[in-house]
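*Asks:* For reference, the structure I am asking about is given below.
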Amino acid sequence: MELQASAAQALKSIARNEQMKSYIQESKDLYPLLARAARRYVAGETRDEAIAEAMELTARGYVTSLEYIGENTRDQAGCEAAHHEFLQLIHTANQAGIQHTISLDLSHIGMVVDAELAYKHLAALAREAGLHGMKVMISAEESAKTDQILAIYRRACEDYANVGITLQAQLHRTERDVEEVLACRGPIRLVKGAYQESPDLALPRSEALNARYLGLADRLIASGRSVSIATHDEVLHQAIRQRGYLQHSNVEIEMLYGIRPDLLKRLRDEGHRVKVYVLYGREWFLYFCHRLSEYPPNLYQAIVDVVMPRDSKEIGY
Ligand code: FDA
């Protein structure tokens, strides 16, 4: 267990290593090898691949969130390009006629360069998504960015009812933030939190974290806002079920593409509202490391996927 915890910590540190990320992305040998393993969690490199996967999932009874993956864009041109890709994503999704939520990191579309740029891009995406009945969900990032993210969300939700926010149960501050978020509008996604944070800022994975997650879920669901229970934790699913929340029309269970599809499939078969979070693009390094660190046996799976690539159609949903 100690070795697993150390491996998880090491993977989270690797995830933040920009030099290693660039090295892998530029390596003609390493990139395709690791991309095979990442493919289990990422629908593909292109928008078309993601839309095709989303259409397949829709046909199987799931709703989807779509993200063009990326974060921490440090130049204006990169932010404009990401914004343009998200606009195209909204158009392509609309043409495909499927019900989508668009998810994004504000640091992908401008927040690292200038908060005003991120707001401008978010507002344009919210407007465009709104025309097609879609929502835009803002992801949660490291706690150092939380104030800025919440400020942009608060501003956006004054003008756009289709902008939602993600809250991390692991952060101590979330118990205060939740009240502020409930004073705004739009959907709310509740996650445990993927980032490595110090104990003065966050709880580690534990029963205490699960108890806090449930307390926050109680508060959010009672408010009547649209709530996404975004976790793969069966203990939490069970607790949510026992509270009768799966019968509430404002509650859905949302899980990441490629993680425990069997679990989501079971919930779908029982008739519950289920959503799959589908990502695409080339910037999967950090995301992939997080998925390995959360469940270190995935390292073995990654080795298998590199050596014996699976049929990409075999998604298990
Ligand atoms: P936890 O990590 O405690 O895992 C519980 C159980 O779930 C494990 O024992 C295992 O069985 C299974 N499991 C979990 N991860 C697995 C994996 N990688 N492979 C296989 N099994 C696994 N985070 C963030 O910081 N900002 C964000 O914006 C988002 N957005 C987001 C959207 C959606 C839809 C989801 C589902 C998750 C996020 N996350 C996120 C990630 C989230 O914070 C968290 O890191 C992961 O969901 C893993 O935590 P769990 O809640 O699954 O519990």
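Ordering of the structure tokens sets the chain letters (A, B, ...), residue numbers begin anew at 1 in every chain, and ligands are numbered from 1 in the order given.
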With only C-alpha atoms and all ligand atoms counted, collect every polymer residue having an atom within 6 Å of ligand 1; state the result as number ranges by chain.

*Replies:* A: 139-141, 166, 191-195, 205, 230-233, 254-256, 259-260, 277, 291-292, 294-295

*Asks:* Write out as a PyMOL selection string all residues of stretch 77-255 of chain A that DSSP puts in alpha helix (DSSP H) for this structure's backbone.

*Replies:* chain A and resi 77-96+115-131+146-159+174-182+207-222+234-242

*Asks:* Go ahead and compute the interatomic distance for atom CA of A:Asn17 and atom CA of A:Arg282, in Å to one decimal.

*Replies:*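 Taking atom CA of A:Asn17 as the start and atom CA of A:Arg282 as the end point, the length is 16.2 Å.
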
*Asks:* May I ask which of the residues A:Met308, A:Leu104, A:Ala123, A:Pro296 is the closest one to A:Glu2, counting only C-alpha atoms?

*Replies:*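 When distances to A:Glu2 are compared using only C-alpha atoms, the smallest one comes from A:Pro296.
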
*Asks:* Enumerate as number ranges by chain all residues of stretch 95-281 of chain A assigned to strand (DSSP E) by DSSP on the backbone, naming them with the chain letters and numbers the document uses.

*Replies:* A: 100-104, 135-138, 163-168, 188-191, 227-230, 251-256, 274-280

*Asks:* For stretch 94-132 of chain A against stretch 41-64 of chain A, with a cut-off of 8 Å and counting only C-alpha atoms, what is the closest atom pair and its distance in Å to one decimal for every residue that makes the cut, ordered by chain and number, as a Markdown table?

*Replies:*
| residue | atom | partner | partner_atom | distance |
| --- | --- | --- | --- | --- |
| A:Ala96 | CA | A:Met55 | CA | 7.6 |
| A:Ile98 | CA | A:Met55 | CA | 6.8 |
| A:Gln99 | CA | A:Val63 | CA | 6.4 |
| A:His100 | CA | A:Thr64 | CA | 5.4 |
| A:Thr101 | CA | A:Thr64 | CA | 6.5 |

*Asks:* Just to be explicit: take each residue in the selection above, keep C-alpha atoms, and write the result as an mmCIF file, in the first residue's frame.

*Replies:*
data_model
loop_
_atom_site.group_PDB
_atom_site.id
_atom_site.type_symbol
_atom_site.label_atom_id
_atom_site.label_comp_id
_atom_site.auth_asym_id
_atom_site.auth_seq_id
_atom_site.Cartn_x
_atom_site.Cartn_y
_atom_site.Cartn_z
ATOM 1 C CA ALA A 96 -24.142 15.778 -35.208
ATOM 2 C CA ILE A 98 -26.339 15.109 -30.019
ATOM 3 C CA GLN A 99 -26.885 16.553 -26.577
ATOM 4 C CA HIS A 100 -23.608 17.841 -25.186
ATOM 5 C CA THR A 101 -22.001 19.781 -22.448
#

*Asks:* Skipping near chain neighbours, those fewer than 5 positions away, what residues fall within 8 Å of A:Ala115 using only C-alpha atoms, listed as a VMD selection string?

*Replies:* chain A and resid 110 148 152

*Asks:* If I take atom CA of A:Tyr287 and atom CA of A:Ala93, how far is one from the other in Å, to one decimal?

*Replies:*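 For atom CA of A:Tyr287 relative to atom CA of A:Ala93, the distance reads 22.7 Å.
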
*Asks:* For atom CA of A:Leu286 and atom CA of A:Pro204, determine how far apart the two atoms are, in Å to one decimal place.

*Replies:* 19.4 Å

*Asks:* Which residues come within 12 Å of A:Pro187, counting only C-alpha atoms, excluding same-chain residues fewer than 6 positions away, as number ranges by chain?

*Replies:* A: 101, 103, 134-139, 153, 157, 160-167, 181, 220-221, 223-229, 250-252

*Asks:* Would you save the residues from that selection as a PDB file, in the first residue's frame, using N, CA and C atoms?

*Replies:*
ATOM      1  N   THR A 101     -22.519  18.696 -23.270  1.00  0.00           N
ATOM      2  CA  THR A 101     -22.001  19.781 -22.448  1.00  0.00           C
ATOM      3  C   THR A 101     -20.557  19.974 -22.921  1.00  0.00           C
ATOM      4  N   SER A 103     -16.885  21.100 -21.783  1.00  0.00           N
ATOM      5  CA  SER A 103     -16.135  21.326 -20.545  1.00  0.00           C
ATOM      6  C   SER A 103     -14.784  21.928 -20.880  1.00  0.00           C
ATOM      7  N   MET A 134     -26.757  24.066 -25.498  1.00  0.00           N
ATOM      8  CA  MET A 134     -25.675  23.353 -24.787  1.00  0.00           C
ATOM      9  C   MET A 134     -25.199  24.159 -23.585  1.00  0.00           C
ATOM     10  N   LYS A 135     -24.536  23.441 -22.665  1.00  0.00           N
ATOM     11  CA  LYS A 135     -23.973  24.095 -21.483  1.00  0.00           C
ATOM     12  C   LYS A 135     -22.452  24.136 -21.575  1.00  0.00           C
ATOM     13  N   VAL A 136     -21.855  25.070 -20.850  1.00  0.00           N
ATOM     14  CA  VAL A 136     -20.397  25.136 -20.765  1.00  0.00           C
ATOM     15  C   VAL A 136     -20.016  24.954 -19.300  1.00  0.00           C
ATOM     16  N   MET A 137     -19.274  23.897 -19.002  1.00  0.00           N
ATOM     17  CA  MET A 137     -18.857  23.639 -17.613  1.00  0.00           C
ATOM     18  C   MET A 137     -17.405  24.055 -17.432  1.00  0.00           C
ATOM     19  N   ILE A 138     -17.169  24.832 -16.384  1.00  0.00           N
ATOM     20  CA  ILE A 138     -15.804  25.238 -16.058  1.00  0.00           C
ATOM     21  C   ILE A 138     -15.205  24.180 -15.128  1.00  0.00           C
ATOM     22  N   SER A 139     -14.028  23.686 -15.472  1.00  0.00           N
ATOM     23  CA  SER A 139     -13.366  22.690 -14.628  1.00  0.00           C
ATOM     24  C   SER A 139     -12.677  23.353 -13.455  1.00  0.00           C
ATOM     25  N   TYR A 153     -16.345  32.784 -13.109  1.00  0.00           N
ATOM     26  CA  TYR A 153     -17.650  32.096 -13.137  1.00  0.00           C
ATOM     27  C   TYR A 153     -18.777  33.030 -12.668  1.00  0.00           C
ATOM     28  N   CYS A 157     -21.966  34.001 -14.966  1.00  0.00           N
ATOM     29  CA  CYS A 157     -23.325  33.501 -14.712  1.00  0.00           C
ATOM     30  C   CYS A 157     -24.326  34.646 -14.545  1.00  0.00           C
ATOM     31  N   TYR A 160     -25.099  34.562 -18.403  1.00  0.00           N
ATOM     32  CA  TYR A 160     -25.366  33.295 -19.102  1.00  0.00           C
ATOM     33  C   TYR A 160     -25.811  32.224 -18.102  1.00  0.00           C
ATOM     34  N   ALA A 161     -27.024  31.704 -18.323  1.00  0.00           N
ATOM     35  CA  ALA A 161     -27.559  30.686 -17.396  1.00  0.00           C
ATOM     36  C   ALA A 161     -26.982  29.310 -17.694  1.00  0.00           C
ATOM     37  N   ASN A 162     -26.275  29.184 -18.836  1.00  0.00           N
ATOM     38  CA  ASN A 162     -25.786  27.854 -19.235  1.00  0.00           C
ATOM     39  C   ASN A 162     -24.321  27.632 -18.856  1.00  0.00           C
ATOM     40  N   VAL A 163     -23.763  28.486 -17.992  1.00  0.00           N
ATOM     41  CA  VAL A 163     -22.375  28.290 -17.550  1.00  0.00           C
ATOM     42  C   VAL A 163     -22.386  27.641 -16.169  1.00  0.00           C
ATOM     43  N   GLY A 164     -21.677  26.513 -16.051  1.00  0.00           N
ATOM     44  CA  GLY A 164     -21.628  25.807 -14.770  1.00  0.00           C
ATOM     45  C   GLY A 164     -20.223  25.759 -14.212  1.00  0.00           C
ATOM     46  N   ILE A 165     -20.112  25.232 -12.996  1.00  0.00           N
ATOM     47  CA  ILE A 165     -18.816  25.246 -12.295  1.00  0.00           C
ATOM     48  C   ILE A 165     -18.563  23.890 -11.635  1.00  0.00           C
ATOM     49  N   THR A 166     -17.280  23.567 -11.504  1.00  0.00           N
ATOM     50  CA  THR A 166     -16.885  22.326 -10.827  1.00  0.00           C
ATOM     51  C   THR A 166     -16.321  22.665  -9.448  1.00  0.00           C
ATOM     52  N   LEU A 167     -16.749  21.938  -8.440  1.00  0.00           N
ATOM     53  CA  LEU A 167     -16.231  22.139  -7.072  1.00  0.00           C
ATOM     54  C   LEU A 167     -15.475  20.893  -6.627  1.00  0.00           C
ATOM     55  N   VAL A 181     -21.298  29.870  -4.642  1.00  0.00           N
ATOM     56  CA  VAL A 181     -21.715  29.283  -5.917  1.00  0.00           C
ATOM     57  C   VAL A 181     -23.241  29.125  -5.968  1.00  0.00           C
ATOM     58  N   LEU A 220     -25.999  20.746  -2.150  1.00  0.00           N
ATOM     59  CA  LEU A 220     -26.210  21.125  -3.560  1.00  0.00           C
ATOM     60  C   LEU A 220     -27.544  20.596  -4.079  1.00  0.00           C
ATOM     61  N   ILE A 221     -27.824  19.345  -3.783  1.00  0.00           N
ATOM     62  CA  ILE A 221     -29.033  18.726  -4.340  1.00  0.00           C
ATOM     63  C   ILE A 221     -30.280  19.379  -3.731  1.00  0.00           C
ATOM     64  N   SER A 223     -30.627  22.320  -2.974  1.00  0.00           N
ATOM     65  CA  SER A 223     -30.830  23.661  -3.542  1.00  0.00           C
ATOM     66  C   SER A 223     -31.674  23.627  -4.824  1.00  0.00           C
ATOM     67  N   GLY A 224     -31.806  22.428  -5.413  1.00  0.00           N
ATOM     68  CA  GLY A 224     -32.592  22.312  -6.650  1.00  0.00           C
ATOM     69  C   GLY A 224     -31.782  22.588  -7.910  1.00  0.00           C
ATOM     70  N   ARG A 225     -30.524  23.014  -7.733  1.00  0.00           N
ATOM     71  CA  ARG A 225     -29.681  23.246  -8.923  1.00  0.00           C
ATOM     72  C   ARG A 225     -29.355  21.904  -9.577  1.00  0.00           C
ATOM     73  N   SER A 226     -29.021  21.961 -10.859  1.00  0.00           N
ATOM     74  CA  SER A 226     -28.638  20.757 -11.574  1.00  0.00           C
ATOM     75  C   SER A 226     -27.260  20.301 -11.060  1.00  0.00           C
ATOM     76  N   VAL A 227     -27.176  19.064 -10.564  1.00  0.00           N
ATOM     77  CA  VAL A 227     -25.943  18.604  -9.905  1.00  0.00           C
ATOM     78  C   VAL A 227     -25.411  17.345 -10.577  1.00  0.00           C
ATOM     79  N   SER A 228     -24.117  17.380 -10.870  1.00  0.00           N
ATOM     80  CA  SER A 228     -23.459  16.215 -11.429  1.00  0.00           C
ATOM     81  C   SER A 228     -22.618  15.569 -10.337  1.00  0.00           C
ATOM     82  N   ILE A 229     -22.959  14.338  -9.997  1.00  0.00           N
ATOM     83  CA  ILE A 229     -22.175  13.578  -9.012  1.00  0.00           C
ATOM     84  C   ILE A 229     -21.060  12.919  -9.827  1.00  0.00           C
ATOM     85  N   ASN A 250     -32.874  16.563 -10.911  1.00  0.00           N
ATOM     86  CA  ASN A 250     -31.744  17.491 -11.052  1.00  0.00           C
ATOM     87  C   ASN A 250     -30.390  16.813 -10.797  1.00  0.00           C
ATOM     88  N   VAL A 251     -30.387  15.467 -10.700  1.00  0.00           N
ATOM     89  CA  VAL A 251     -29.130  14.775 -10.361  1.00  0.00           C
ATOM     90  C   VAL A 251     -28.730  13.802 -11.471  1.00  0.00           C
ATOM     91  N   GLU A 252     -27.428  13.837 -11.829  1.00  0.00           N
ATOM     92  CA  GLU A 252     -26.902  12.851 -12.773  1.00  0.00           C
ATOM     93  C   GLU A 252     -25.590  12.305 -12.207  1.00  0.00           C
TER      94      GLU A 252
END

*Asks:* Neighbours of A:Glu158 within 9 Å (only C-alpha atoms; same-chain residues fewer than 4 positions away dropped), as a PyMOL selection string?

*Replies:* chain A and resi 153-154+184-185

*Asks:* Write the selection just made, keeping N, CA and C atoms, as an mmCIF file, in the first residue's frame?

*Replies:*
data_model
loop_
_atom_site.group_PDB
_atom_site.id
_atom_site.type_symbol
_atom_site.label_atom_id
_atom_site.label_comp_id
_atom_site.auth_asym_id
_atom_site.auth_seq_id
_atom_site.Cartn_x
_atom_site.Cartn_y
_atom_site.Cartn_z
ATOM 1 N N TYR A 153 -16.345 32.784 -13.109
ATOM 2 C CA TYR A 153 -17.650 32.096 -13.137
ATOM 3 C C TYR A 153 -18.777 33.030 -12.668
ATOM 4 N N ARG A 154 -18.520 33.732 -11.536
ATOM 5 C CA ARG A 154 -19.564 34.625 -10.979
ATOM 6 C C ARG A 154 -19.980 35.658 -12.021
ATOM 7 N N CYS A 184 -25.223 31.932 -7.280
ATOM 8 C CA CYS A 184 -25.193 32.167 -8.743
ATOM 9 C C CYS A 184 -26.170 31.191 -9.402
ATOM 10 N N ARG A 185 -25.968 30.905 -10.683
ATOM 11 C CA ARG A 185 -26.850 29.918 -11.338
ATOM 12 C C ARG A 185 -26.023 29.001 -12.224
#

*Asks:* Excluding same-chain residues fewer than 3 positions from A:Val307, what lies within 12 Å of it counting only C-alpha atoms, as an mmCIF file with all heavy atoms, in the first residue's frame?

*Replies:*
data_model
loop_
_atom_site.group_PDB
_atom_site.id
_atom_site.type_symbol
_atom_site.label_atom_id
_atom_site.label_comp_id
_atom_site.auth_asym_id
_atom_site.auth_seq_id
_atom_site.Cartn_x
_atom_site.Cartn_y
_atom_site.Cartn_z
ATOM 1 N N PRO A 32 4.043 8.170 -29.691
ATOM 2 C CA PRO A 32 3.051 7.183 -30.153
ATOM 3 C C PRO A 32 2.888 6.001 -29.210
ATOM 4 O O PRO A 32 1.789 5.460 -29.075
ATOM 5 C CB PRO A 32 3.595 6.726 -31.517
ATOM 6 C CG PRO A 32 4.951 7.291 -31.643
ATOM 7 C CD PRO A 32 5.139 8.358 -30.645
ATOM 8 N N LEU A 33 3.976 5.642 -28.517
ATOM 9 C CA LEU A 33 3.868 4.508 -27.586
ATOM 10 C C LEU A 33 2.939 4.855 -26.429
ATOM 11 O O LEU A 33 1.995 4.117 -26.111
ATOM 12 C CB LEU A 33 5.250 4.190 -27.000
ATOM 13 C CG LEU A 33 6.118 3.173 -27.726
ATOM 14 C CD1 LEU A 33 7.339 2.858 -26.872
ATOM 15 C CD2 LEU A 33 5.342 1.893 -27.999
ATOM 16 N N LEU A 34 3.195 6.017 -25.802
ATOM 17 C CA LEU A 34 2.370 6.405 -24.651
ATOM 18 C C LEU A 34 0.946 6.761 -25.088
ATOM 19 O O LEU A 34 -0.007 6.560 -24.335
ATOM 20 C CB LEU A 34 3.009 7.575 -23.898
ATOM 21 C CG LEU A 34 4.280 7.215 -23.124
ATOM 22 C CD1 LEU A 34 4.847 8.433 -22.429
ATOM 23 C CD2 LEU A 34 4.000 6.124 -22.093
ATOM 24 N N ALA A 35 0.829 7.286 -26.316
ATOM 25 C CA ALA A 35 -0.508 7.636 -26.821
ATOM 26 C C ALA A 35 -1.396 6.388 -26.881
ATOM 27 O O ALA A 35 -2.600 6.463 -26.652
ATOM 28 C CB ALA A 35 -0.407 8.285 -28.195
ATOM 29 N N ARG A 36 -0.783 5.246 -27.141
ATOM 30 C CA ARG A 36 -1.570 4.005 -27.163
ATOM 31 C C ARG A 36 -2.176 3.727 -25.803
ATOM 32 O O ARG A 36 -3.309 3.263 -25.685
ATOM 33 C CB ARG A 36 -0.641 2.818 -27.487
ATOM 34 C CG ARG A 36 -0.347 2.652 -28.917
ATOM 35 C CD ARG A 36 0.297 1.293 -29.068
ATOM 36 N NE ARG A 36 1.176 1.262 -30.207
ATOM 37 C CZ ARG A 36 2.078 0.314 -30.434
ATOM 38 N NH1 ARG A 36 2.235 -0.654 -29.566
ATOM 39 N NH2 ARG A 36 2.810 0.338 -31.505
ATOM 40 N N ALA A 37 -1.402 3.996 -24.748
ATOM 41 C CA ALA A 37 -1.913 3.752 -23.391
ATOM 42 C C ALA A 37 -2.926 4.824 -22.994
ATOM 43 O O ALA A 37 -3.949 4.530 -22.376
ATOM 44 C CB ALA A 37 -0.754 3.720 -22.408
ATOM 45 N N TYR A 300 -0.119 -1.119 -14.817
ATOM 46 C CA TYR A 300 -0.033 -2.434 -15.480
ATOM 47 C C TYR A 300 -0.870 -2.415 -16.754
ATOM 48 O O TYR A 300 -0.480 -2.913 -17.789
ATOM 49 C CB TYR A 300 -0.557 -3.546 -14.558
ATOM 50 C CG TYR A 300 0.241 -3.736 -13.290
ATOM 51 C CD1 TYR A 300 -0.385 -3.876 -12.062
ATOM 52 C CD2 TYR A 300 1.637 -3.800 -13.329
ATOM 53 C CE1 TYR A 300 0.339 -4.055 -10.894
ATOM 54 C CE2 TYR A 300 2.374 -3.979 -12.165
ATOM 55 C CZ TYR A 300 1.717 -4.102 -10.952
ATOM 56 O OH TYR A 300 2.425 -4.271 -9.810
ATOM 57 N N GLN A 301 -2.056 -1.801 -16.631
ATOM 58 C CA GLN A 301 -2.954 -1.723 -17.798
ATOM 59 C C GLN A 301 -2.266 -0.955 -18.925
ATOM 60 O O GLN A 301 -2.365 -1.320 -20.095
ATOM 61 C CB GLN A 301 -4.251 -1.012 -17.388
ATOM 62 C CG GLN A 301 -5.287 -0.958 -18.479
ATOM 63 C CD GLN A 301 -5.805 -2.333 -18.866
ATOM 64 O OE1 GLN A 301 -6.403 -3.023 -18.069
ATOM 65 N NE2 GLN A 301 -5.549 -2.732 -20.112
ATOM 66 N N ALA A 302 -1.535 0.105 -18.540
ATOM 67 C CA ALA A 302 -0.851 0.925 -19.547
ATOM 68 C C ALA A 302 0.206 0.092 -20.282
ATOM 69 O O ALA A 302 0.355 0.206 -21.505
ATOM 70 C CB ALA A 302 -0.208 2.142 -18.879
ATOM 71 N N ILE A 303 0.907 -0.755 -19.532
ATOM 72 C CA ILE A 303 1.926 -1.597 -20.179
ATOM 73 C C ILE A 303 1.250 -2.535 -21.181
ATOM 74 O O ILE A 303 1.685 -2.687 -22.318
ATOM 75 C CB ILE A 303 2.722 -2.398 -19.118
ATOM 76 C CG1 ILE A 303 3.521 -1.417 -18.249
ATOM 77 C CG2 ILE A 303 3.645 -3.417 -19.776
ATOM 78 C CD1 ILE A 303 4.131 -2.031 -17.006
ATOM 79 N N VAL A 304 0.137 -3.117 -20.741
ATOM 80 C CA VAL A 304 -0.602 -4.017 -21.647
ATOM 81 C C VAL A 304 -1.051 -3.246 -22.891
ATOM 82 O O VAL A 304 -0.913 -3.719 -24.019
ATOM 83 C CB VAL A 304 -1.830 -4.639 -20.922
ATOM 84 C CG1 VAL A 304 -2.691 -5.436 -21.897
ATOM 85 C CG2 VAL A 304 -1.377 -5.509 -19.774
ATOM 86 N N ARG A 310 -5.518 -2.214 -27.937
ATOM 87 C CA ARG A 310 -6.846 -2.815 -28.101
ATOM 88 C C ARG A 310 -7.534 -2.181 -29.307
ATOM 89 O O ARG A 310 -7.115 -1.128 -29.795
ATOM 90 C CB ARG A 310 -7.654 -2.608 -26.830
ATOM 91 C CG ARG A 310 -8.113 -1.210 -26.687
ATOM 92 C CD ARG A 310 -8.331 -0.744 -25.288
ATOM 93 N NE ARG A 310 -8.415 0.697 -25.377
ATOM 94 C CZ ARG A 310 -9.538 1.377 -25.298
ATOM 95 N NH1 ARG A 310 -10.680 0.761 -25.103
ATOM 96 N NH2 ARG A 310 -9.545 2.680 -25.421
#
